[in-house]
Amino acid sequence: MRGANQSSVSEFLLLGLSRQPQQQQLLFVLFLSMYLATVLGNLLILLAVGLDSRLHIPMYFFLSNLSFVDICFTSTTVPKMLANHILGTQTISFSGCLTQMYFLFELADMDNFLLAVMAYDRFVAICHPLHYSTKMTPQLCGLLVVGSWVIANLNALLHTLLMAQLSFCADNAIPHYFCDVTPLLKLSCSDTYLNEMMILTEGSLIMITPFICILASYVRITCAVLRVPSTKGRWKAFSTCGSHLAVVSLFYGTIIAVYFNPLSSHSSEKDTAATVMYTVVTPMLNPFIYSLRNRDLKAALRKMMGRKTCS
């Protein structure tokens, strides 16, 4: 830890979700089960999209990227928590803590951007179906994903470097199971005004801009669908967006609850509950939400399972 503001803390203590041994055992089993379900569910989507040529279209290209990001997102926090429980330790190094925070920022931003891109894809498919193949070209799809990674990396780097400039004194106990930005700011003995302002301004811009794009896309989609004369046609159009809307609501609801409030209004219990929702529960539910409501994806999964059974 070098620099002008050298910290006297070389490691942090991750206190986890409970200090009761029985509850810790239950939480270990619960988080292990959710992590395995997340990895397995998202891997199945990746395999189904990769193996079925019918799914080689923009909608499933973006969904497979979302599944990859969700596996990485959960793997940033849960394995460390499980390893600490097995080893009987609570420590994480200062550099390890910043690294974990960097990947959390990056992957949360990627989730955010991919949800916006998927909303734009649905907008083009429903509002401009005749021009879909000419608008959503492989080059544009690749550019949207690569651009999202670049912006997410730069944003994560900015907040990580700002955090690295802060000093941390005697108290190094984080009342959480990973290194989140809010508890770290509370532990700092430096002035955190710049960090808080960057989260509330630049961070808000990164989160709100895609959210506005999603809202605008769905306003246009709703207007287009309401012009469809048949009820069956309207239901079919809306059903292609239902899964995406469910994931958007779950993701943005918890993100806004945790990060876009003044630091003084936060409580560790509410923050922890909300962060568990978007770091563990949402990535676990995404494959089920998309596969249960998507006929093509269910068919691809059944086909893939059939191949494995035959082999």
# chains A, B, ... in the order shown; residues from 1 in each chain; ligands from 1
call {"tool": "closest_atom_pairs", "arguments": {"of": "stretch 113-189 of chain A", "to": "stretch 250-256 of chain A", "cutoff": "12 Å", "atoms": "only C-alpha atoms", "output": "CSV"}}
result
residue,atom,partner,partner_atom,distance
A:Phe113,CA,A:Tyr252,CA,11.8
A:Leu114,CA,A:Phe251,CA,11.9
A:Leu115,CA,A:Phe251,CA,9.5
A:Ala116,CA,A:Tyr252,CA,11.5
call {"tool": "residues_around", "arguments": {"residues": "stretch 84-101 of chain A", "least_positions_apart": "5", "cutoff": "6 Å", "atoms": "only C-alpha atoms", "output": "ChimeraX atom specification"}}
result
/A:10-14,179
call {"tool": "residues_around", "arguments": {"residues": "A:Val145", "least_positions_apart": "5", "cutoff": "9 Å", "atoms": "only C-alpha atoms", "output": "count of residues only"}}
result
8
call {"tool": "atom_distance", "arguments": {"atom1": "atom CA of A:Val39", "atom2": "atom CA of A:Ile71"}}
result
5.6 Å
call {"tool": "closest_atom_pairs", "arguments": {"of": "stretch 220-249 of chain A", "to": "stretch 124-129 of chain A", "cutoff": "8 Å", "atoms": "only C-alpha atoms", "output": "tab-separated table"}}
result
residue	atom	partner	partner_atom	distance
A:Arg220	CA	A:Cys127	CA	7.5
A:Ile221	CA	A:Cys127	CA	6.4
A:Ala224	CA	A:Cys127	CA	6.1
A:Val225	CA	A:Ile126	CA	7.9
A:Ala237	CA	A:Ile126	CA	7.1
call {"tool": "write_last_selection", "arguments": {"atoms": "all heavy atoms", "output": "PDB file, in the first residue's frame"}}
result
ATOM      1  N   ARG A 220     -41.841   2.686 -26.334  1.00  0.00           N
ATOM      2  CA  ARG A 220     -42.047   2.518 -27.784  1.00  0.00           C
ATOM      3  C   ARG A 220     -42.638   1.131 -28.090  1.00  0.00           C
ATOM      4  O   ARG A 220     -43.502   0.992 -28.949  1.00  0.00           O
ATOM      5  CB  ARG A 220     -40.716   2.697 -28.520  1.00  0.00           C
ATOM      6  CG  ARG A 220     -40.108   4.096 -28.405  1.00  0.00           C
ATOM      7  CD  ARG A 220     -40.907   5.113 -29.210  1.00  0.00           C
ATOM      8  NE  ARG A 220     -40.941   4.778 -30.625  1.00  0.00           N
ATOM      9  CZ  ARG A 220     -39.992   5.112 -31.504  1.00  0.00           C
ATOM     10  NH1 ARG A 220     -38.928   5.787 -31.083  1.00  0.00           N
ATOM     11  NH2 ARG A 220     -40.114   4.790 -32.777  1.00  0.00           N
ATOM     12  N   ILE A 221     -42.147   0.109 -27.394  1.00  0.00           N
ATOM     13  CA  ILE A 221     -42.675  -1.251 -27.599  1.00  0.00           C
ATOM     14  C   ILE A 221     -44.156  -1.311 -27.236  1.00  0.00           C
ATOM     15  O   ILE A 221     -44.967  -1.880 -27.973  1.00  0.00           O
ATOM     16  CB  ILE A 221     -41.862  -2.270 -26.765  1.00  0.00           C
ATOM     17  CG1 ILE A 221     -40.464  -2.475 -27.374  1.00  0.00           C
ATOM     18  CG2 ILE A 221     -42.598  -3.604 -26.678  1.00  0.00           C
ATOM     19  CD1 ILE A 221     -39.519  -3.266 -26.496  1.00  0.00           C
ATOM     20  N   ALA A 224     -46.277   0.316 -29.829  1.00  0.00           N
ATOM     21  CA  ALA A 224     -46.357  -0.508 -31.043  1.00  0.00           C
ATOM     22  C   ALA A 224     -47.271  -1.705 -30.836  1.00  0.00           C
ATOM     23  O   ALA A 224     -48.077  -2.053 -31.713  1.00  0.00           O
ATOM     24  CB  ALA A 224     -44.958  -0.975 -31.442  1.00  0.00           C
ATOM     25  N   VAL A 225     -47.181  -2.332 -29.652  1.00  0.00           N
ATOM     26  CA  VAL A 225     -47.982  -3.531 -29.380  1.00  0.00           C
ATOM     27  C   VAL A 225     -49.463  -3.182 -29.271  1.00  0.00           C
ATOM     28  O   VAL A 225     -50.332  -3.946 -29.728  1.00  0.00           O
ATOM     29  CB  VAL A 225     -47.484  -4.235 -28.096  1.00  0.00           C
ATOM     30  CG1 VAL A 225     -48.447  -5.322 -27.665  1.00  0.00           C
ATOM     31  CG2 VAL A 225     -46.094  -4.822 -28.325  1.00  0.00           C
ATOM     32  N   ALA A 237     -46.340 -10.596 -28.495  1.00  0.00           N
ATOM     33  CA  ALA A 237     -45.306  -9.554 -28.493  1.00  0.00           C
ATOM     34  C   ALA A 237     -44.842  -9.244 -27.074  1.00  0.00           C
ATOM     35  O   ALA A 237     -43.643  -9.130 -26.805  1.00  0.00           O
ATOM     36  CB  ALA A 237     -45.835  -8.296 -29.165  1.00  0.00           C
TER      37      ALA A 237
END
call {"tool": "residues_around", "arguments": {"residues": "A:Ala246", "least_positions_apart": "4", "cutoff": "12 Å", "atoms": "only C-alpha atoms", "output": "PyMOL selection string"}}
result
chain A and resi 115+239-242+250-253+282+285-290+293
call {"tool": "residues_around", "arguments": {"residues": "A:Asp180", "least_positions_apart": "3", "cutoff": "10 Å", "atoms": "only C-alpha atoms", "output": "list in words"}}
result
Thr77, Cys97, Leu98, Gln100, Met101, Tyr102, Leu104, Phe105, Ile174, Pro175, His176, Tyr177, Pro183, Leu184, Leu185, Asp271, Thr272 and Thr275 of chain A
call {"tool": "select_by_dssp", "arguments": {"residues": "stretch 34-199 of chain A", "states": "helix (DSSP H, G or I)", "output": "PyMOL selection string"}}
result
chain A and resi 34-51+53-55+58-87+94-127+129-135+138-164+181-187+193-199
call {"tool": "closest_residue", "arguments": {"among": "A:Ser33, A:Ser167, A:Ser188, A:Ser230", "to": "A:Val280", "atoms": "only C-alpha atoms"}}
result
A:Ser33
call {"tool": "atom_distance", "arguments": {"atom1": "atom CA of A:Lys232", "atom2": "atom CA of A:Leu130"}}
result
20.2 Å
call {"tool": "select_by_dssp", "arguments": {"residues": "stretch 130-291 of chain A", "states": "strand (DSSP E or B)", "output": "ChimeraX atom specification"}}
result
/A:168,173-174,188
call {"tool": "residues_around", "arguments": {"residues": "stretch 45-56 of chain A", "least_positions_apart": "5", "cutoff": "10 Å", "atoms": "only C-alpha atoms", "output": "list in words"}}
result
Leu40, Phe61, Leu63, Ser64, Asn65, Leu66, Ser67, Phe68, Pro287, Phe288, Tyr290, Ser291, Asp296, Leu297, Lys298, Ala299, Ala300, Leu301, Arg302, Lys303, Met304 and Met305 of chain A
call {"tool": "closest_residue", "arguments": {"among": "A:Ile57, A:Met118, A:Met34, A:Leu166", "to": "A:Val78", "atoms": "only C-alpha atoms"}}
result
A:Met34
call {"tool": "atom_distance", "arguments": {"atom1": "atom CA of A:Tyr193", "atom2": "atom CA of A:Asp109"}}
result
22.3 Å
call {"tool": "residues_around", "arguments": {"residues": "A:Leu27", "least_positions_apart": "2", "cutoff": "12 Å", "atoms": "only C-alpha atoms", "output": "PyMOL selection string"}}
result
chain A and resi 16-25+29-35+78+81-82+85+177+276
call {"tool": "write_last_selection", "arguments": {"atoms": "N, CA, C and O atoms", "output": "short mmCIF file (atom, residue, chain, number, x, y, z; two decimals), in the first residue's frame"}}
result
data_model
loop_
_atom_site.label_atom_id
_atom_site.label_comp_id
_atom_site.auth_asym_id
_atom_site.auth_seq_id
_atom_site.Cartn_x
_atom_site.Cartn_y
_atom_site.Cartn_z
N GLY A 16 -19.20 -11.31 7.63
CA GLY A 16 -20.21 -12.21 7.09
C GLY A 16 -21.62 -11.78 7.43
O GLY A 16 -21.87 -10.65 7.86
N LEU A 17 -22.55 -12.71 7.28
CA LEU A 17 -23.97 -12.40 7.49
C LEU A 17 -24.45 -12.73 8.89
O LEU A 17 -25.51 -12.28 9.31
N SER A 18 -23.69 -13.53 9.62
CA SER A 18 -24.10 -13.92 10.98
C SER A 18 -22.88 -14.34 11.79
O SER A 18 -21.90 -14.82 11.23
N ARG A 19 -22.97 -14.15 13.10
CA ARG A 19 -21.90 -14.61 13.99
C ARG A 19 -22.32 -15.83 14.80
O ARG A 19 -21.54 -16.32 15.62
N GLN A 20 -23.54 -16.31 14.57
CA GLN A 20 -24.02 -17.50 15.27
C GLN A 20 -23.57 -18.75 14.51
O GLN A 20 -23.85 -18.88 13.31
N PRO A 21 -22.87 -19.70 15.17
CA PRO A 21 -22.35 -20.89 14.47
C PRO A 21 -23.41 -21.68 13.70
O PRO A 21 -23.18 -22.11 12.57
N GLN A 22 -24.59 -21.86 14.31
CA GLN A 22 -25.64 -22.62 13.63
C GLN A 22 -26.14 -21.90 12.38
O GLN A 22 -26.35 -22.51 11.33
N GLN A 23 -26.30 -20.58 12.49
CA GLN A 23 -26.72 -19.80 11.34
C GLN A 23 -25.64 -19.79 10.26
O GLN A 23 -25.96 -19.82 9.06
N GLN A 24 -24.37 -19.75 10.68
CA GLN A 24 -23.28 -19.78 9.71
C GLN A 24 -23.28 -21.07 8.91
O GLN A 24 -23.05 -21.05 7.69
N GLN A 25 -23.54 -22.19 9.57
CA GLN A 25 -23.63 -23.48 8.87
C GLN A 25 -24.77 -23.47 7.86
O GLN A 25 -24.61 -23.93 6.72
N VAL A 29 -24.46 -23.68 3.61
CA VAL A 29 -25.18 -24.62 2.74
C VAL A 29 -26.05 -23.86 1.73
O VAL A 29 -26.10 -24.20 0.55
N LEU A 30 -26.72 -22.81 2.21
CA LEU A 30 -27.61 -22.02 1.35
C LEU A 30 -26.84 -21.34 0.22
O LEU A 30 -27.22 -21.43 -0.95
N PHE A 31 -25.72 -20.68 0.57
CA PHE A 31 -24.94 -19.96 -0.44
C PHE A 31 -24.23 -20.91 -1.39
O PHE A 31 -24.09 -20.62 -2.58
N LEU A 32 -23.77 -22.06 -0.87
CA LEU A 32 -23.16 -23.06 -1.75
C LEU A 32 -24.18 -23.57 -2.76
O LEU A 32 -23.88 -23.70 -3.96
N SER A 33 -25.39 -23.84 -2.30
CA SER A 33 -26.45 -24.32 -3.19
C SER A 33 -26.80 -23.27 -4.24
O SER A 33 -26.95 -23.59 -5.43
N MET A 34 -26.93 -22.01 -3.81
CA MET A 34 -27.27 -20.94 -4.75
C MET A 34 -26.15 -20.72 -5.76
O MET A 34 -26.40 -20.47 -6.95
N TYR A 35 -24.90 -20.83 -5.29
CA TYR A 35 -23.77 -20.63 -6.20
C TYR A 35 -23.72 -21.73 -7.26
O TYR A 35 -23.53 -21.45 -8.45
N VAL A 78 -18.95 -15.05 -3.69
CA VAL A 78 -19.38 -16.24 -2.95
C VAL A 78 -18.25 -17.22 -2.66
O VAL A 78 -18.13 -17.71 -1.53
N MET A 81 -16.32 -16.16 0.36
CA MET A 81 -17.10 -16.36 1.58
C MET A 81 -17.09 -17.83 2.00
O MET A 81 -16.90 -18.15 3.18
N LEU A 82 -17.28 -18.74 1.05
CA LEU A 82 -17.28 -20.17 1.35
C LEU A 82 -15.91 -20.64 1.83
O LEU A 82 -15.81 -21.44 2.76
N HIS A 85 -15.24 -19.63 5.39
CA HIS A 85 -15.99 -20.48 6.34
C HIS A 85 -15.26 -21.82 6.54
O HIS A 85 -15.11 -22.28 7.68
N TYR A 177 -20.15 -9.80 3.73
CA TYR A 177 -19.40 -10.99 3.32
C TYR A 177 -18.50 -10.72 2.12
O TYR A 177 -17.86 -11.62 1.61
N VAL A 276 -27.30 -9.04 -1.24
CA VAL A 276 -27.47 -10.48 -1.48
C VAL A 276 -28.42 -10.70 -2.65
O VAL A 276 -28.21 -11.59 -3.48
#
call {"tool": "closest_residue", "arguments": {"among": "A:Pro58, A:Val219, A:Asn155, A:Gln165", "to": "A:Gln139", "atoms": "only C-alpha atoms"}}
result
A:Pro58
call {"tool": "closest_residue", "arguments": {"among": "A:Pro79, A:Thr74, A:Phe28, A:Leu215", "to": "A:Met277", "atoms": "only C-alpha atoms"}}
result
A:Thr74
call {"tool": "decode", "arguments": {"residues": "stretch 16-117 of chain A", "atoms": "C-alpha atoms", "output": "PDB file, in the first residue's frame"}}
result
ATOM      1  CA  GLY A  16     -20.209 -12.212   7.094  1.00  0.00           C
ATOM      2  CA  LEU A  17     -23.966 -12.401   7.490  1.00  0.00           C
ATOM      3  CA  SER A  18     -24.100 -13.917  10.979  1.00  0.00           C
ATOM      4  CA  ARG A  19     -21.899 -14.606  13.990  1.00  0.00           C
ATOM      5  CA  GLN A  20     -24.021 -17.504  15.272  1.00  0.00           C
ATOM      6  CA  PRO A  21     -22.349 -20.893  14.468  1.00  0.00           C
ATOM      7  CA  GLN A  22     -25.640 -22.622  13.631  1.00  0.00           C
ATOM      8  CA  GLN A  23     -26.724 -19.801  11.342  1.00  0.00           C
ATOM      9  CA  GLN A  24     -23.281 -19.776   9.713  1.00  0.00           C
ATOM     10  CA  GLN A  25     -23.625 -23.475   8.868  1.00  0.00           C
ATOM     11  CA  LEU A  26     -27.071 -22.887   7.391  1.00  0.00           C
ATOM     12  CA  LEU A  27     -25.847 -19.885   5.394  1.00  0.00           C
ATOM     13  CA  PHE A  28     -22.876 -21.899   4.098  1.00  0.00           C
ATOM     14  CA  VAL A  29     -25.179 -24.623   2.737  1.00  0.00           C
ATOM     15  CA  LEU A  30     -27.612 -22.024   1.353  1.00  0.00           C
ATOM     16  CA  PHE A  31     -24.944 -19.955  -0.438  1.00  0.00           C
ATOM     17  CA  LEU A  32     -23.158 -23.061  -1.747  1.00  0.00           C
ATOM     18  CA  SER A  33     -26.453 -24.323  -3.186  1.00  0.00           C
ATOM     19  CA  MET A  34     -27.273 -20.944  -4.754  1.00  0.00           C
ATOM     20  CA  TYR A  35     -23.768 -20.629  -6.197  1.00  0.00           C
ATOM     21  CA  LEU A  36     -23.891 -24.098  -7.759  1.00  0.00           C
ATOM     22  CA  ALA A  37     -27.377 -23.373  -9.150  1.00  0.00           C
ATOM     23  CA  THR A  38     -26.124 -20.063 -10.598  1.00  0.00           C
ATOM     24  CA  VAL A  39     -23.095 -21.599 -12.291  1.00  0.00           C
ATOM     25  CA  LEU A  40     -25.003 -24.633 -13.577  1.00  0.00           C
ATOM     26  CA  GLY A  41     -28.010 -22.643 -14.824  1.00  0.00           C
ATOM     27  CA  ASN A  42     -25.947 -20.040 -16.644  1.00  0.00           C
ATOM     28  CA  LEU A  43     -23.565 -22.660 -18.073  1.00  0.00           C
ATOM     29  CA  LEU A  44     -26.568 -24.516 -19.504  1.00  0.00           C
ATOM     30  CA  ILE A  45     -27.687 -21.331 -21.265  1.00  0.00           C
ATOM     31  CA  LEU A  46     -24.176 -20.773 -22.639  1.00  0.00           C
ATOM     32  CA  LEU A  47     -24.031 -24.363 -23.929  1.00  0.00           C
ATOM     33  CA  ALA A  48     -27.559 -24.272 -25.368  1.00  0.00           C
ATOM     34  CA  VAL A  49     -26.910 -21.031 -27.267  1.00  0.00           C
ATOM     35  CA  GLY A  50     -23.513 -22.235 -28.461  1.00  0.00           C
ATOM     36  CA  LEU A  51     -24.698 -25.643 -29.674  1.00  0.00           C
ATOM     37  CA  ASP A  52     -28.050 -24.750 -31.256  1.00  0.00           C
ATOM     38  CA  SER A  53     -27.650 -22.856 -34.554  1.00  0.00           C
ATOM     39  CA  ARG A  54     -31.262 -21.609 -34.296  1.00  0.00           C
ATOM     40  CA  LEU A  55     -30.205 -19.503 -31.308  1.00  0.00           C
ATOM     41  CA  HIS A  56     -27.359 -17.762 -33.150  1.00  0.00           C
ATOM     42  CA  ILE A  57     -29.258 -14.480 -33.290  1.00  0.00           C
ATOM     43  CA  PRO A  58     -28.658 -11.163 -31.423  1.00  0.00           C
ATOM     44  CA  MET A  59     -31.199 -11.838 -28.648  1.00  0.00           C
ATOM     45  CA  TYR A  60     -29.422 -15.018 -27.539  1.00  0.00           C
ATOM     46  CA  PHE A  61     -25.973 -13.590 -28.190  1.00  0.00           C
ATOM     47  CA  PHE A  62     -26.708 -10.913 -25.579  1.00  0.00           C
ATOM     48  CA  LEU A  63     -28.325 -13.469 -23.250  1.00  0.00           C
ATOM     49  CA  SER A  64     -25.221 -15.680 -23.392  1.00  0.00           C
ATOM     50  CA  ASN A  65     -23.073 -12.664 -22.545  1.00  0.00           C
ATOM     51  CA  LEU A  66     -25.364 -11.904 -19.595  1.00  0.00           C
ATOM     52  CA  SER A  67     -25.011 -15.508 -18.408  1.00  0.00           C
ATOM     53  CA  PHE A  68     -21.205 -15.279 -18.609  1.00  0.00           C
ATOM     54  CA  VAL A  69     -21.216 -12.003 -16.659  1.00  0.00           C
ATOM     55  CA  ASP A  70     -23.542 -13.472 -14.009  1.00  0.00           C
ATOM     56  CA  ILE A  71     -21.222 -16.450 -13.454  1.00  0.00           C
ATOM     57  CA  CYS A  72     -18.275 -14.064 -13.009  1.00  0.00           C
ATOM     58  CA  PHE A  73     -20.336 -11.702 -10.831  1.00  0.00           C
ATOM     59  CA  THR A  74     -21.293 -14.395  -8.321  1.00  0.00           C
ATOM     60  CA  SER A  75     -17.794 -15.916  -8.458  1.00  0.00           C
ATOM     61  CA  THR A  76     -16.329 -12.589  -7.311  1.00  0.00           C
ATOM     62  CA  THR A  77     -17.904 -12.851  -3.856  1.00  0.00           C
ATOM     63  CA  VAL A  78     -19.383 -16.244  -2.953  1.00  0.00           C
ATOM     64  CA  PRO A  79     -16.279 -18.518  -3.308  1.00  0.00           C
ATOM     65  CA  LYS A  80     -14.300 -16.227  -0.974  1.00  0.00           C
ATOM     66  CA  MET A  81     -17.103 -16.360   1.576  1.00  0.00           C
ATOM     67  CA  LEU A  82     -17.284 -20.171   1.351  1.00  0.00           C
ATOM     68  CA  ALA A  83     -13.486 -20.516   1.562  1.00  0.00           C
ATOM     69  CA  ASN A  84     -13.354 -18.303   4.669  1.00  0.00           C
ATOM     70  CA  HIS A  85     -15.987 -20.479   6.336  1.00  0.00           C
ATOM     71  CA  ILE A  86     -14.106 -23.718   5.542  1.00  0.00           C
ATOM     72  CA  LEU A  87     -10.736 -22.298   6.628  1.00  0.00           C
ATOM     73  CA  GLY A  88     -12.163 -20.652   9.740  1.00  0.00           C
ATOM     74  CA  THR A  89     -10.866 -17.206   8.831  1.00  0.00           C
ATOM     75  CA  GLN A  90     -12.440 -13.834   8.081  1.00  0.00           C
ATOM     76  CA  THR A  91      -9.512 -11.970   6.581  1.00  0.00           C
ATOM     77  CA  ILE A  92      -9.032 -10.461   3.137  1.00  0.00           C
ATOM     78  CA  SER A  93      -5.952  -8.451   2.180  1.00  0.00           C
ATOM     79  CA  PHE A  94      -6.162  -4.752   1.354  1.00  0.00           C
ATOM     80  CA  SER A  95      -5.219  -5.394  -2.284  1.00  0.00           C
ATOM     81  CA  GLY A  96      -7.602  -8.365  -2.423  1.00  0.00           C
ATOM     82  CA  CYS A  97     -10.402  -6.172  -1.108  1.00  0.00           C
ATOM     83  CA  LEU A  98      -9.795  -3.513  -3.767  1.00  0.00           C
ATOM     84  CA  THR A  99      -9.586  -6.195  -6.469  1.00  0.00           C
ATOM     85  CA  GLN A 100     -12.910  -7.649  -5.360  1.00  0.00           C
ATOM     86  CA  MET A 101     -14.480  -4.182  -5.371  1.00  0.00           C
ATOM     87  CA  TYR A 102     -13.102  -3.500  -8.874  1.00  0.00           C
ATOM     88  CA  PHE A 103     -14.692  -6.638 -10.340  1.00  0.00           C
ATOM     89  CA  LEU A 104     -17.965  -5.962  -8.523  1.00  0.00           C
ATOM     90  CA  PHE A 105     -18.188  -2.507 -10.106  1.00  0.00           C
ATOM     91  CA  GLU A 106     -17.170  -3.811 -13.527  1.00  0.00           C
ATOM     92  CA  LEU A 107     -19.590  -6.742 -13.595  1.00  0.00           C
ATOM     93  CA  ALA A 108     -22.524  -4.786 -12.108  1.00  0.00           C
ATOM     94  CA  ASP A 109     -22.002  -2.201 -14.860  1.00  0.00           C
ATOM     95  CA  MET A 110     -21.904  -4.977 -17.472  1.00  0.00           C
ATOM     96  CA  ASP A 111     -25.204  -6.376 -16.190  1.00  0.00           C
ATOM     97  CA  ASN A 112     -26.602  -2.865 -16.434  1.00  0.00           C
ATOM     98  CA  PHE A 113     -25.382  -2.267 -19.997  1.00  0.00           C
ATOM     99  CA  LEU A 114     -26.417  -5.705 -21.269  1.00  0.00           C
ATOM    100  CA  LEU A 115     -29.961  -5.249 -19.938  1.00  0.00           C
ATOM    101  CA  ALA A 116     -30.145  -1.949 -21.863  1.00  0.00           C
ATOM    102  CA  VAL A 117     -28.771  -3.554 -25.045  1.00  0.00           C
TER     103      VAL A 117
END
